[in-house]
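File shown: coords-v2.cif. Contents: mmCIF, C-alpha atoms.
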data_protein
#
loop_
_atom_site.label_atom_id
_atom_site.label_comp_id
_atom_site.auth_asym_id
_atom_site.auth_seq_id
_atom_site.Cartn_x
_atom_site.Cartn_y
_atom_site.Cartn_z
CA MET A 1 -2.70 1.63 3.06
CA THR A 2 -5.19 -8.82 4.88
CA THR A 3 -8.42 -18.35 -0.47
CA SER A 4 -8.19 -21.85 0.14
CA ASP A 5 -9.63 -23.67 3.03
CA GLU A 6 -6.20 -24.36 4.44
CA ALA A 7 -4.87 -22.90 7.67
CA VAL A 8 -1.78 -22.99 9.83
CA ALA A 9 -1.08 -22.25 13.45
CA ASN A 10 -1.12 -18.63 14.53
CA PRO A 11 2.30 -17.16 13.60
CA ILE A 12 1.70 -13.88 15.43
CA GLU A 13 2.30 -15.32 18.91
CA PRO A 14 6.13 -15.61 18.68
CA VAL A 15 6.33 -12.00 17.47
CA GLU A 16 4.12 -10.67 20.26
CA GLU A 17 6.79 -11.81 22.72
CA LYS A 18 9.37 -9.63 20.97
CA VAL A 19 7.29 -6.57 20.07
CA ARG A 20 5.56 -4.09 22.36
CA THR A 21 1.80 -4.21 21.79
CA ARG A 22 -1.12 -2.01 22.79
CA GLY A 23 -4.70 -3.18 22.38
CA GLY A 24 -3.56 -6.12 20.28
CA ARG A 25 -1.65 -3.85 17.87
CA PHE A 26 2.10 -3.70 17.33
CA GLU A 27 3.17 -0.27 18.58
CA PHE A 28 6.10 0.16 16.22
CA LEU A 29 3.87 -0.52 13.20
CA ASP A 30 1.32 2.03 14.37
CA ALA A 31 4.15 4.53 14.88
CA LEU A 32 5.33 3.89 11.33
CA ARG A 33 1.80 4.26 9.96
CA GLY A 34 1.42 7.53 11.84
CA VAL A 35 4.65 8.93 10.40
CA ALA A 36 3.75 7.70 6.90
CA ALA A 37 0.26 9.21 6.87
CA LEU A 38 1.46 12.50 8.31
CA ALA A 39 4.25 12.67 5.71
CA VAL A 40 1.74 12.27 2.88
CA VAL A 41 -0.52 14.95 4.36
CA ILE A 42 2.39 17.36 4.87
CA GLU A 43 3.58 16.75 1.31
CA HIS A 44 0.23 17.54 -0.29
CA CYS A 45 -0.56 20.53 1.91
CA SER A 46 2.91 22.02 1.54
CA GLU A 47 3.22 21.68 -2.21
CA LEU A 48 -0.12 23.47 -2.65
CA MET A 49 1.02 26.34 -0.43
CA TRP A 50 4.67 26.86 -1.36
CA PRO A 51 6.03 26.34 -4.91
CA GLY A 52 9.55 26.26 -3.47
CA TYR A 53 8.67 23.23 -1.40
CA GLU A 54 7.20 21.48 -4.44
CA ARG A 55 10.42 22.07 -6.37
CA PHE A 56 12.49 20.69 -3.48
CA SER A 57 10.17 17.68 -3.24
CA ALA A 58 10.52 16.91 -6.94
CA ALA A 59 14.30 17.30 -6.96
CA TYR A 60 15.45 15.78 -3.68
CA PHE A 61 13.04 14.30 -1.17
CA GLY A 62 9.36 13.50 -1.70
CA ALA A 63 7.66 13.18 1.67
CA GLY A 64 4.59 11.65 0.03
CA VAL A 65 6.54 8.93 -1.78
CA PHE A 66 8.53 8.36 1.40
CA GLY A 67 5.24 7.84 3.27
CA VAL A 68 3.79 5.37 0.81
CA PHE A 69 6.99 3.30 0.76
CA VAL A 70 6.79 3.11 4.55
CA PHE A 71 3.21 1.89 4.15
CA PHE A 72 4.33 -0.71 1.60
CA ILE A 73 7.02 -2.20 3.81
CA VAL A 74 4.60 -2.26 6.77
CA SER A 75 2.07 -4.14 4.61
CA GLY A 76 4.74 -6.61 3.61
CA TYR A 77 5.53 -7.17 7.28
CA ILE A 78 2.01 -7.79 8.59
CA ILE A 79 -0.16 -9.05 5.69
CA PRO A 80 1.41 -12.52 5.25
CA ALA A 81 1.22 -13.01 9.02
CA SER A 82 -2.47 -12.08 8.92
CA LEU A 83 -3.06 -14.64 6.18
CA GLU A 84 -1.22 -17.35 8.11
CA ARG A 85 -3.13 -16.70 11.30
CA GLY A 86 -4.99 -20.00 11.11
CA ARG A 87 -8.09 -18.84 9.28
CA SER A 88 -9.25 -19.70 5.79
CA LEU A 89 -8.27 -17.69 2.75
CA GLY A 90 -11.89 -16.60 2.49
CA ALA A 91 -11.76 -15.15 6.00
CA PHE A 92 -8.57 -13.30 5.08
CA TRP A 93 -10.24 -11.66 2.09
CA ALA A 94 -13.36 -10.87 4.10
CA GLY A 95 -11.16 -9.07 6.61
CA ARG A 96 -9.40 -7.13 3.87
CA PHE A 97 -12.71 -6.18 2.28
CA PHE A 98 -14.19 -4.71 5.46
CA ARG A 99 -10.88 -3.05 6.30
CA LEU A 100 -10.36 -1.29 2.98
CA PHE A 101 -13.41 -0.99 0.77
CA PRO A 102 -16.09 0.78 2.87
CA LEU A 103 -13.96 3.85 3.61
CA PHE A 104 -12.48 3.83 0.11
CA TRP A 105 -15.91 3.68 -1.51
CA GLY A 106 -17.17 6.41 0.81
CA CYS A 107 -14.29 8.72 -0.13
CA LEU A 108 -14.71 7.85 -3.80
CA ILE A 109 -18.41 8.75 -3.75
CA ALA A 110 -17.66 11.96 -1.85
CA ALA A 111 -14.97 12.87 -4.40
CA MET A 112 -17.37 12.31 -7.30
CA ILE A 113 -20.02 14.48 -5.64
CA LEU A 114 -17.49 17.25 -4.96
CA HIS A 115 -16.26 16.91 -8.55
CA ALA A 116 -19.80 17.39 -9.83
CA LEU A 117 -20.12 20.48 -7.62
CA ARG A 118 -16.80 21.81 -9.00
CA MET A 119 -15.25 21.64 -5.55
CA TYR A 120 -12.77 18.90 -6.43
CA GLY A 121 -10.58 18.76 -9.51
CA GLY A 122 -10.50 15.10 -10.42
CA PRO A 123 -8.40 13.60 -13.23
CA PRO A 124 -8.36 15.40 -16.61
CA GLY A 125 -9.44 12.30 -18.52
CA TRP A 126 -12.34 11.33 -16.25
CA MET A 127 -15.16 12.50 -18.51
CA ALA A 128 -13.77 10.68 -21.56
CA SER A 129 -15.23 7.40 -20.24
CA PRO A 130 -17.08 8.22 -17.00
CA ALA A 131 -18.98 4.92 -16.67
CA TRP A 132 -15.85 2.84 -17.24
CA ASN A 133 -13.81 5.00 -14.88
CA ILE A 134 -16.43 4.71 -12.14
CA PHE A 135 -16.40 0.92 -12.52
CA THR A 136 -12.61 0.61 -12.46
CA ASN A 137 -12.32 2.93 -9.47
CA PHE A 138 -14.77 0.84 -7.47
CA THR A 139 -12.69 -2.30 -8.13
CA MET A 140 -9.66 -0.61 -6.48
CA ALA A 141 -7.53 -1.98 -9.35
CA HIS A 142 -8.04 1.16 -11.44
CA TRP A 143 -4.35 2.08 -11.53
CA PHE A 144 -3.46 -1.08 -13.43
CA ILE A 145 -6.61 -1.17 -15.57
CA SER A 146 -6.83 2.42 -16.79
CA GLY A 147 -3.93 4.37 -15.31
CA PRO A 148 -3.78 7.84 -13.74
CA ASN A 149 -6.48 9.41 -15.91
CA SER A 150 -9.10 7.14 -14.33
CA GLN A 151 -8.19 7.94 -10.73
CA MET A 152 -10.70 10.16 -8.91
CA VAL A 153 -8.99 10.10 -5.48
CA VAL A 154 -5.40 11.15 -6.04
CA VAL A 155 -3.84 8.92 -3.39
CA ALA A 156 -5.76 5.75 -4.31
CA TRP A 157 -3.09 4.39 -6.67
CA THR A 158 -1.29 2.72 -3.75
CA LEU A 159 -4.33 0.54 -3.00
CA SER A 160 -4.05 -1.04 -6.44
CA TYR A 161 -0.59 -2.28 -5.48
CA GLU A 162 -1.86 -3.47 -2.11
CA LEU A 163 -4.69 -5.38 -3.77
CA VAL A 164 -2.37 -7.16 -6.20
CA PHE A 165 0.05 -7.96 -3.37
CA TYR A 166 -2.80 -9.66 -1.49
CA MET A 167 -3.51 -11.73 -4.60
CA VAL A 168 0.13 -12.76 -4.95
CA VAL A 169 0.46 -13.65 -1.26
CA SER A 170 -2.75 -15.68 -1.51
CA LEU A 171 -1.34 -17.58 -4.49
CA LEU A 172 1.83 -18.32 -2.54
CA PHE A 173 -0.28 -19.52 0.38
CA ILE A 174 -2.26 -21.88 -1.84
CA GLY A 175 0.96 -23.17 -3.38
CA ARG A 176 2.55 -23.62 0.06
CA LEU A 177 5.39 -21.29 -0.90
CA ASN A 178 4.44 -18.44 1.40
CA ARG A 179 7.23 -19.13 3.89
CA ARG A 180 9.95 -19.04 1.23
CA SER A 181 10.23 -15.35 1.97
CA VAL A 182 13.98 -14.94 1.50
CA PRO A 183 14.23 -16.39 -2.03
CA LEU A 184 11.01 -14.61 -2.99
CA ALA A 185 12.39 -11.28 -1.77
CA VAL A 186 15.73 -11.82 -3.52
CA LEU A 187 13.86 -12.72 -6.72
CA ALA A 188 11.71 -9.58 -6.40
CA ILE A 189 14.76 -7.40 -5.73
CA GLY A 190 16.56 -8.86 -8.75
CA SER A 191 13.52 -8.29 -10.96
CA MET A 192 13.75 -4.52 -10.45
CA LEU A 193 16.66 -4.12 -12.85
CA LEU A 194 15.26 -6.57 -15.40
CA ALA A 195 11.86 -4.89 -15.33
CA GLU A 196 13.39 -1.44 -15.75
CA LEU A 197 15.47 -2.54 -18.75
CA PHE A 198 13.21 -4.99 -20.56
CA LEU A 199 9.58 -5.00 -19.37
CA PRO A 200 7.17 -2.81 -21.37
CA THR A 201 4.40 -0.93 -19.60
CA SER A 202 0.65 -1.33 -20.15
CA MET A 203 0.97 -4.66 -21.98
CA VAL A 204 -2.80 -5.28 -22.16
CA ASN A 205 -4.51 -2.05 -23.18
CA GLY A 206 -1.94 0.75 -23.08
CA SER A 207 0.22 2.53 -25.61
CA ASP A 208 2.80 -0.27 -25.60
CA ALA A 209 0.19 -3.01 -26.02
CA ASN A 210 0.03 -5.08 -29.21
CA LEU A 211 -0.69 -8.66 -30.19
CA ALA A 212 2.73 -9.84 -29.03
CA THR A 213 2.47 -8.27 -25.58
CA ARG A 214 -1.05 -9.61 -25.09
CA LEU A 215 0.05 -13.12 -26.05
CA ILE A 216 2.88 -12.83 -23.51
CA VAL A 217 0.36 -11.83 -20.84
CA VAL A 218 -1.91 -14.78 -21.72
CA ALA A 219 1.01 -17.22 -21.68
CA ALA A 220 2.39 -15.90 -18.37
CA THR A 221 -1.06 -16.07 -16.79
CA ALA A 222 -1.59 -19.65 -17.97
CA VAL A 223 1.82 -20.78 -16.67
CA VAL A 224 1.28 -19.23 -13.24
CA ALA A 225 -2.30 -20.52 -12.98
CA VAL A 226 -1.30 -24.10 -13.87
CA PHE A 227 1.72 -24.04 -11.56
CA PHE A 228 -0.23 -22.97 -8.48
CA ALA A 229 -3.30 -25.07 -9.31
CA ARG A 230 -1.10 -28.17 -9.43
CA ARG A 231 0.41 -27.29 -6.04
CA ALA A 232 -2.97 -26.70 -4.41
CA ALA A 233 -4.07 -29.17 -1.73
CA THR A 234 -7.72 -29.30 -2.78
CA ARG A 235 -9.79 -28.82 -5.91
CA ARG A 236 -11.40 -25.75 -4.38
CA SER A 237 -7.97 -24.25 -3.73
CA ALA A 238 -6.94 -25.02 -7.32
CA VAL A 239 -9.95 -23.09 -8.62
CA ALA A 240 -9.04 -20.18 -6.34
CA ALA A 241 -5.47 -20.28 -7.68
CA VAL A 242 -6.66 -20.08 -11.28
CA LEU A 243 -8.95 -17.16 -10.43
CA LEU A 244 -6.26 -15.27 -8.54
CA ALA A 245 -3.65 -15.80 -11.26
CA SER A 246 -6.13 -14.71 -13.94
CA LEU A 247 -6.55 -11.42 -12.10
CA ALA A 248 -3.08 -10.74 -10.69
CA ILE A 249 -0.82 -11.45 -13.67
CA PRO A 250 -2.65 -9.27 -16.25
CA LEU A 251 -2.86 -6.46 -13.70
CA VAL A 252 0.85 -6.60 -12.86
CA LEU A 253 1.82 -6.65 -16.54
CA ASN A 254 -0.50 -3.76 -17.35
CA GLN A 255 0.99 -1.28 -14.85
CA PRO A 256 1.03 2.20 -16.38
CA GLY A 257 4.26 3.63 -14.98
CA PRO A 258 7.96 2.68 -15.14
CA SER A 259 8.27 -1.08 -14.77
CA GLY A 260 11.28 -0.86 -12.47
CA TYR A 261 9.40 1.42 -10.09
CA SER A 262 6.49 -1.03 -9.84
CA ALA A 263 8.93 -3.87 -9.27
CA ALA A 264 10.54 -1.82 -6.48
CA ILE A 265 7.15 -1.46 -4.77
CA PHE A 266 6.50 -5.22 -4.80
CA ALA A 267 10.09 -5.94 -3.75
CA THR A 268 9.64 -3.55 -0.81
CA MET A 269 6.62 -5.53 0.36
CA PHE A 270 8.48 -8.84 0.13
CA VAL A 271 11.39 -7.35 2.08
CA GLY A 272 8.88 -6.41 4.77
CA THR A 273 7.85 -10.07 4.94
CA VAL A 274 11.49 -11.11 5.37
CA MET A 275 11.78 -8.75 8.32
CA TYR A 276 8.68 -10.33 9.84
CA ARG A 277 10.24 -13.80 9.48
CA MET A 278 13.35 -12.48 11.19
CA THR A 279 11.34 -11.00 14.07
CA ALA A 280 9.45 -14.27 14.46
CA GLY A 281 12.73 -16.19 14.66
CA GLU A 282 12.09 -18.13 11.44
CA ILE A 283 15.31 -16.83 9.87
CA THR A 284 18.50 -15.46 11.39
CA ALA A 285 19.08 -11.77 11.95
CA ARG A 286 22.12 -11.92 9.68
CA LEU A 287 20.05 -13.28 6.83
CA GLY A 288 17.18 -10.85 7.42
CA TRP A 289 19.35 -7.76 7.59
CA GLY A 290 21.37 -9.03 4.64
CA VAL A 291 18.26 -9.12 2.45
CA PHE A 292 17.26 -5.70 3.80
CA GLY A 293 20.68 -4.22 2.93
CA LEU A 294 20.53 -5.77 -0.53
CA ALA A 295 17.17 -4.09 -1.10
CA VAL A 296 18.50 -0.67 -0.04
CA CYS A 297 21.41 -1.04 -2.45
CA ALA A 298 19.02 -2.15 -5.18
CA VAL A 299 16.64 0.80 -4.87
CA ILE A 300 19.61 3.19 -4.97
CA GLY A 301 21.00 1.32 -7.98
CA LEU A 302 17.62 1.49 -9.70
CA ALA A 303 17.52 5.25 -9.10
CA LEU A 304 20.97 5.61 -10.68
CA LEU A 305 19.52 4.24 -13.93
CA GLN A 306 17.02 7.08 -14.06
CA GLN A 307 17.72 9.55 -16.84
CA PRO A 308 17.56 13.22 -15.78
CA ALA A 309 14.29 14.78 -16.89
CA LEU A 310 13.08 18.38 -16.80
CA GLU A 311 9.83 18.88 -14.91
CA THR A 312 8.51 21.64 -17.16
CA LYS A 313 5.72 22.78 -14.83
CA LEU A 314 8.15 23.36 -11.95
CA GLY A 315 11.30 24.11 -13.93
CA VAL A 316 13.21 21.45 -11.96
CA LEU A 317 15.66 18.89 -13.26
CA VAL A 318 14.64 15.58 -11.69
CA THR A 319 17.62 13.23 -11.29
CA TRP A 320 18.40 9.94 -9.56
CA LYS A 321 18.75 11.74 -6.23
CA HIS A 322 14.99 12.02 -5.65
CA ASN A 323 14.13 8.31 -5.72
CA ALA A 324 17.38 7.23 -4.09
CA ILE A 325 17.04 9.57 -1.10
CA THR A 326 13.29 9.11 -0.72
CA MET A 327 13.17 5.30 -0.92
CA ALA A 328 16.30 4.74 1.15
CA ALA A 329 14.92 7.04 3.86
CA ALA A 330 11.74 4.94 4.05
CA TYR A 331 13.78 1.76 4.47
CA LEU A 332 16.03 3.31 7.11
CA LEU A 333 13.08 4.63 9.12
CA PHE A 334 11.55 1.15 9.12
CA ALA A 335 14.86 -0.36 10.24
CA ALA A 336 15.29 2.14 13.08
CA THR A 337 11.72 1.68 14.30
CA LEU A 338 12.00 -2.11 14.11
CA LEU A 339 15.10 -1.98 16.30
CA LEU A 340 13.05 0.00 18.85
CA ARG A 341 10.09 -2.41 18.70
CA ARG A 342 10.32 -3.34 22.39
CA TYR A 343 9.90 0.28 23.48
CA SER A 344 6.82 2.44 23.80
CA PHE A 345 6.12 5.19 21.28
CA PRO A 346 4.44 8.59 21.85
CA ARG A 347 0.68 8.26 22.13
CA PRO A 348 -0.09 11.02 19.58
CA LEU A 349 1.95 9.07 17.03
CA LEU A 350 0.12 5.83 17.88
CA PHE A 351 -3.19 7.67 17.53
CA LEU A 352 -2.18 8.88 14.07
CA GLY A 353 -1.24 5.31 13.23
CA ARG A 354 -4.65 4.07 14.30
CA ILE A 355 -6.45 6.59 12.08
CA SER A 356 -3.79 6.49 9.34
CA TYR A 357 -6.00 4.85 6.70
CA SER A 358 -8.70 7.48 7.18
CA LEU A 359 -6.12 10.27 7.30
CA TYR A 360 -4.47 9.04 4.12
CA PHE A 361 -7.74 9.27 2.21
CA VAL A 362 -9.76 12.11 3.68
CA HIS A 363 -6.98 14.70 3.56
CA ALA A 364 -7.13 14.63 -0.23
CA LEU A 365 -10.75 15.77 0.02
CA ALA A 366 -10.37 18.05 3.04
CA ILE A 367 -7.85 20.36 1.42
CA ASN A 368 -10.34 20.97 -1.41
CA PHE A 369 -13.16 22.28 0.75
CA LEU A 370 -11.46 23.64 3.88
CA PRO A 371 -11.08 27.41 3.41
CA LYS A 372 -7.85 29.25 2.69
CA TRP A 373 -6.84 32.13 4.91
CA THR A 374 -6.33 35.39 3.06
CA VAL A 375 -5.00 37.58 5.88
CA SER A 376 -2.45 37.15 8.65
CA VAL A 377 -3.65 36.76 12.24
CA ALA A 378 -1.53 37.72 15.27
CA GLY A 379 1.50 37.94 13.02
CA ILE A 380 1.02 34.42 11.65
CA PRO A 381 1.15 34.49 7.82
CA ALA A 382 -2.00 33.45 5.95
CA ALA A 383 -0.10 30.63 4.24
CA TRP A 384 0.81 29.03 7.58
CA LEU A 385 -2.73 29.48 8.87
CA THR A 386 -4.06 27.71 5.79
CA TRP A 387 -1.50 24.93 6.11
CA CYS A 388 -2.43 24.35 9.76
CA THR A 389 -6.13 24.42 8.91
CA TRP A 390 -5.62 21.74 6.26
CA VAL A 391 -3.38 19.50 8.39
CA PHE A 392 -5.36 19.67 11.64
CA GLY A 393 -8.69 19.77 9.81
CA SER A 394 -7.70 16.57 7.99
CA ILE A 395 -6.79 14.90 11.30
CA ALA A 396 -10.12 15.94 12.81
CA LEU A 397 -12.08 14.65 9.80
CA ALA A 398 -10.05 11.42 9.79
CA THR A 399 -10.87 10.91 13.48
CA LEU A 400 -14.55 11.23 12.62
CA THR A 401 -14.42 8.80 9.68
CA TYR A 402 -12.38 6.34 11.72
CA HIS A 403 -15.04 6.18 14.42
CA LYS A 404 -18.09 6.45 12.15
CA VAL A 405 -16.99 4.46 9.09
CA GLU A 406 -13.82 2.43 9.63
CA LYS A 407 -14.50 1.06 13.10
CA PRO A 408 -18.13 -0.01 12.55
CA PHE A 409 -17.20 -1.87 9.37
CA LEU A 410 -14.17 -3.44 11.04
CA ASN A 411 -16.45 -4.70 13.79
CA LEU A 412 -18.88 -6.01 11.18
CA GLY A 413 -15.99 -7.73 9.45
CA HIS A 414 -14.96 -9.40 12.71
CA ARG A 415 -18.49 -10.73 13.17
CA VAL A 416 -18.58 -12.05 9.60
CA ILE A 417 -15.20 -13.74 10.03
CA ALA A 418 -16.29 -15.26 13.35
CA LYS A 419 -19.28 -16.83 11.60
CA MET A 420 -17.04 -18.09 8.80
CA ASP A 421 -14.65 -19.59 11.33
CA ALA A 422 -17.53 -21.24 13.17
CA ARG A 423 -18.78 -22.90 9.97
CA ALA A 424 -15.38 -23.78 8.56
CA GLN A 425 -13.48 -26.94 9.37
CA PRO A 426 -10.05 -26.04 8.01
CA ILE A 427 -7.56 -28.75 7.19
CA ALA A 428 -4.18 -28.02 8.75
CA ILE A 429 -1.27 -28.02 6.35
CA ALA A 430 2.44 -27.55 6.65
CA ALA A 431 3.04 -24.20 4.95
CA LYS A 432 6.78 -24.42 5.03
#
Rewrite the structure of this file - the entire thing - as structure tokens.
Amino acid sequence: MTTSDEAVANPIEPVEEKVRTRGGRFEFLDALRGVAALAVVIEHCSELMWPGYERFSAAYFGAGVFGVFVFFIVSGYIIPASLERGRSLGAFWAGRFFRLFPLFWGCLIAAMILHALRMYGGPPGWMASPAWNIFTNFTMAHWFISGPNSQMVVVAWTLSYELVFYMVVSLLFIGRLNRRSVPLAVLAIGSMLLAELFLPTSMVNGSDANLATRLIVVAATAVVAVFFARRAATRRSAVAAVLLASLAIPLVLNQPGPSGYSAAIFATMFVGTVMYRMTAGEITARLGWGVFGLAVCAVIGLALLQQPALETKLGVLVTWKHNAITMAAAYLLFAATLLLRRYSFPRPLLFLGRISYSLYFVHALAINFLPKWTVSVAGIPAAWLTWCTWVFGSIALATLTYHKVEKPFLNLGHRVIAKMDARAQPIAIAAK
């Protein structure tokens, strides 16, 4: 869970000298993706099998949330570098499209078919506006447009954040502010508290929306669009800036959940970018780790603001401990793995990292149609047999979709980008 015609020199090369790679991929990032995807799968399989685990997850440590925060910081690390690789903004978005949408659309269609066959639950509010929900789901921005009740694939909410992050990074690239990663990260970290205390949710079409909030959204969008259009190097880039701002700002301000939590997700991505700059030697280690430490303190501080709430379904009092422990653990795992970036990681973990996008999505479907065991076998309880069937069945299905869906479309995307690069005559700019 990577447009203007401007380009800069490939920024990946300095990092490749400091990071162990395999097949052109950073090993430590694949290891992190593998852990993250497996954590999400374990969370969902375990909470369906053992109510005690679900209560523990809600009260103390959510493996699924931990996994997605690892994914977010990994995206923050690699996505800006992908954009700055020397290709056009159009090529960047083409790459992201072929990387994300084909598998996502395939899983979405499969989920809708299974839902129609009563083999997959789906959201409770889906049938209230099925045509609208289908449309918003296919945009991948459904989480910000319509919220949880429009989401057919339960794990797809994270892609809405990824999509908006790509838009924001693209705006920064057009405005030649993309390398100001430290002040941007500090600004994002500081916004967490302000968002939690003062920013309403769903300012466009949600329960908090009214004329005043919509006017604020329009004004904020206009300010951002004008600012980046004026900083653009070409007229074409200025048009792209206006388009991106017109999409990104209303989506960000229409997020359905706690504003501070959304701000923490975006801050996590920007912190990932700071760590990339540090690895590339663009900023000092002291500065990079300083920003990282500030972020860890901030996510714990944000969690402390959380009011205890009773989860009535589970009978668990959810306090600040859950978010603090879960988010901090994701940061610390990233830090530890980054420090080991020159070393090799176990091949099974790298394999899981390679198929992590498929695994993240298909497991949500697999656990709905893979059978449950009803009797013990060789002394192994039926619950454990079911859990193993779901986990290893999901990995097997993800391997299949990786080779039959992901990889072919990735290869197609590479061919499309190669043709775009061959036609394009990018104008080099100083993106500092």
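Across A:Val70, A:Ala295, A:Met112, A:Leu29, the tightest approach to Phe138 of chain A is made by A:Met112 when counting all atoms listed in the file.
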Residue IDs satisfying the PyMOL selection byres ((chain A and resi 170) around 12), as a CSV table (one decimal) with C-alpha atoms, in the coordinates of the input:
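Below you can see part.csv, which holds the result:
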chain,number,residue,atom,x,y,z
A,2,THR,CA,-5.2,-8.8,4.9
A,3,THR,CA,-8.4,-18.4,-0.5
A,4,SER,CA,-8.2,-21.8,0.1
A,5,ASP,CA,-9.6,-23.7,3.0
A,6,GLU,CA,-6.2,-24.4,4.4
A,7,ALA,CA,-4.9,-22.9,7.7
A,79,ILE,CA,-0.2,-9.0,5.7
A,80,PRO,CA,1.4,-12.5,5.2
A,81,ALA,CA,1.2,-13.0,9.0
A,82,SER,CA,-2.5,-12.1,8.9
A,83,LEU,CA,-3.1,-14.6,6.2
A,84,GLU,CA,-1.2,-17.4,8.1
A,88,SER,CA,-9.2,-19.7,5.8
A,89,LEU,CA,-8.3,-17.7,2.8
A,90,GLY,CA,-11.9,-16.6,2.5
A,91,ALA,CA,-11.8,-15.2,6.0
A,92,PHE,CA,-8.6,-13.3,5.1
A,93,TRP,CA,-10.2,-11.7,2.1
A,163,LEU,CA,-4.7,-5.4,-3.8
A,164,VAL,CA,-2.4,-7.2,-6.2
A,165,PHE,CA,0.0,-8.0,-3.4
A,166,TYR,CA,-2.8,-9.7,-1.5
A,167,MET,CA,-3.5,-11.7,-4.6
A,168,VAL,CA,0.1,-12.8,-5.0
A,169,VAL,CA,0.5,-13.6,-1.3
A,171,LEU,CA,-1.3,-17.6,-4.5
A,172,LEU,CA,1.8,-18.3,-2.5
A,173,PHE,CA,-0.3,-19.5,0.4
A,174,ILE,CA,-2.3,-21.9,-1.8
A,175,GLY,CA,1.0,-23.2,-3.4
A,176,ARG,CA,2.6,-23.6,0.1
A,177,LEU,CA,5.4,-21.3,-0.9
A,178,ASN,CA,4.4,-18.4,1.4
A,179,ARG,CA,7.2,-19.1,3.9
A,228,PHE,CA,-0.2,-23.0,-8.5
A,232,ALA,CA,-3.0,-26.7,-4.4
A,237,SER,CA,-8.0,-24.2,-3.7
A,238,ALA,CA,-6.9,-25.0,-7.3
A,240,ALA,CA,-9.0,-20.2,-6.3
A,241,ALA,CA,-5.5,-20.3,-7.7
A,242,VAL,CA,-6.7,-20.1,-11.3
A,243,LEU,CA,-9.0,-17.2,-10.4
A,244,LEU,CA,-6.3,-15.3,-8.5
A,245,ALA,CA,-3.6,-15.8,-11.3
A,248,ALA,CA,-3.1,-10.7,-10.7
* the PyMOL selection byres ((chain A and resi 207-212) around 12) applied to the shown file, residues as a ChimeraX atom specification -> /A:146-147,199-206,213-219,250,253-257
* Expected answer as a list of chain:residue names: all residues with atoms within 10 Å of (-10.7, 15.6, 9.6), only C-alpha atoms ->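 Those residues, ordered by chain and then number, are A:Ser358, A:Leu359, A:Val362, A:His363, A:Leu365, A:Ala366, A:Ile367, A:Leu370, A:Thr389, A:Trp390, A:Val391, A:Phe392, A:Gly393, A:Ser394, A:Ile395, A:Ala396, A:Leu397, A:Ala398, A:Thr399, A:Leu400, A:Thr401, A:Tyr402.
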I would like the residues chosen by the PyMOL selection byres ((chain A and resi 110) around 12) on the shown file; could you give them as a JSON list (two decimals) with C-alpha atoms, in the coordinates of the input?
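selection31.json, freshly written:
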[["chain", "number", "residue", "atom", "x", "y", "z"],
["A", 103, "LEU", "CA", -13.96, 3.85, 3.61],
["A", 104, "PHE", "CA", -12.48, 3.83, 0.11],
["A", 105, "TRP", "CA", -15.91, 3.68, -1.51],
["A", 106, "GLY", "CA", -17.17, 6.41, 0.81],
["A", 107, "CYS", "CA", -14.29, 8.72, -0.13],
["A", 108, "LEU", "CA", -14.71, 7.85, -3.80],
["A", 109, "ILE", "CA", -18.41, 8.75, -3.75],
["A", 111, "ALA", "CA", -14.97, 12.87, -4.40],
["A", 112, "MET", "CA", -17.37, 12.31, -7.30],
["A", 113, "ILE", "CA", -20.02, 14.48, -5.64],
["A", 114, "LEU", "CA", -17.49, 17.25, -4.96],
["A", 115, "HIS", "CA", -16.26, 16.91, -8.55],
["A", 116, "ALA", "CA", -19.80, 17.39, -9.83],
["A", 117, "LEU", "CA", -20.12, 20.48, -7.62],
["A", 119, "MET", "CA", -15.25, 21.64, -5.55],
["A", 120, "TYR", "CA", -12.77, 18.90, -6.43],
["A", 122, "GLY", "CA", -10.50, 15.10, -10.42],
["A", 152, "MET", "CA", -10.70, 10.16, -8.91],
["A", 153, "VAL", "CA", -8.99, 10.10, -5.48],
["A", 361, "PHE", "CA", -7.74, 9.27, 2.21],
["A", 362, "VAL", "CA", -9.76, 12.11, 3.68],
["A", 364, "ALA", "CA", -7.13, 14.63, -0.23],
["A", 365, "LEU", "CA", -10.75, 15.77, 0.02],
["A", 366, "ALA", "CA", -10.37, 18.05, 3.04],
["A", 368, "ASN", "CA", -10.34, 20.97, -1.41],
["A", 369, "PHE", "CA", -13.16, 22.28, 0.75]]
* Quick one: pull the distance between atom CA of Gly121 of chain A and atom CA of His44 of chain A, Å, one decimal. =>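 Computing the Euclidean distance for atom CA of Gly121 of chain A and atom CA of His44 of chain A yields 14.3 Å.
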* Can you work out the spacing between atom CA of Trp143 of chain A and atom CA of Val40 of chain A in Å, to one decimal? => 18.7 Å
* Have a look at atom CA of Ala309 of chain A and atom CA of Val271 of chain A and let me know their distance in Å, one decimal. => 29.3 Å
May I have the protein, DNA and RNA residues with any atom at most 9 Å from the point (13.3, 16.8, -6.3), counting only C-alpha atoms, written as a compact mmCIF listing (two decimals) with C-alpha atoms, in the coordinates of the input?
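Output (part.txt):
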# COMPACT_ATOMS: atom_id res chain seq x y z
CA GLU A 54 7.20 21.48 -4.44
CA ARG A 55 10.42 22.07 -6.37
CA PHE A 56 12.49 20.69 -3.48
CA SER A 57 10.17 17.68 -3.24
CA ALA A 58 10.52 16.91 -6.94
CA ALA A 59 14.30 17.30 -6.96
CA TYR A 60 15.45 15.78 -3.68
CA PHE A 61 13.04 14.30 -1.17
CA GLY A 62 9.36 13.50 -1.70
CA VAL A 316 13.21 21.45 -11.96
CA LEU A 317 15.66 18.89 -13.26
CA VAL A 318 14.64 15.58 -11.69
CA THR A 319 17.62 13.23 -11.29
CA LYS A 321 18.75 11.74 -6.23
CA HIS A 322 14.99 12.02 -5.65
CA ASN A 323 14.13 8.31 -5.72
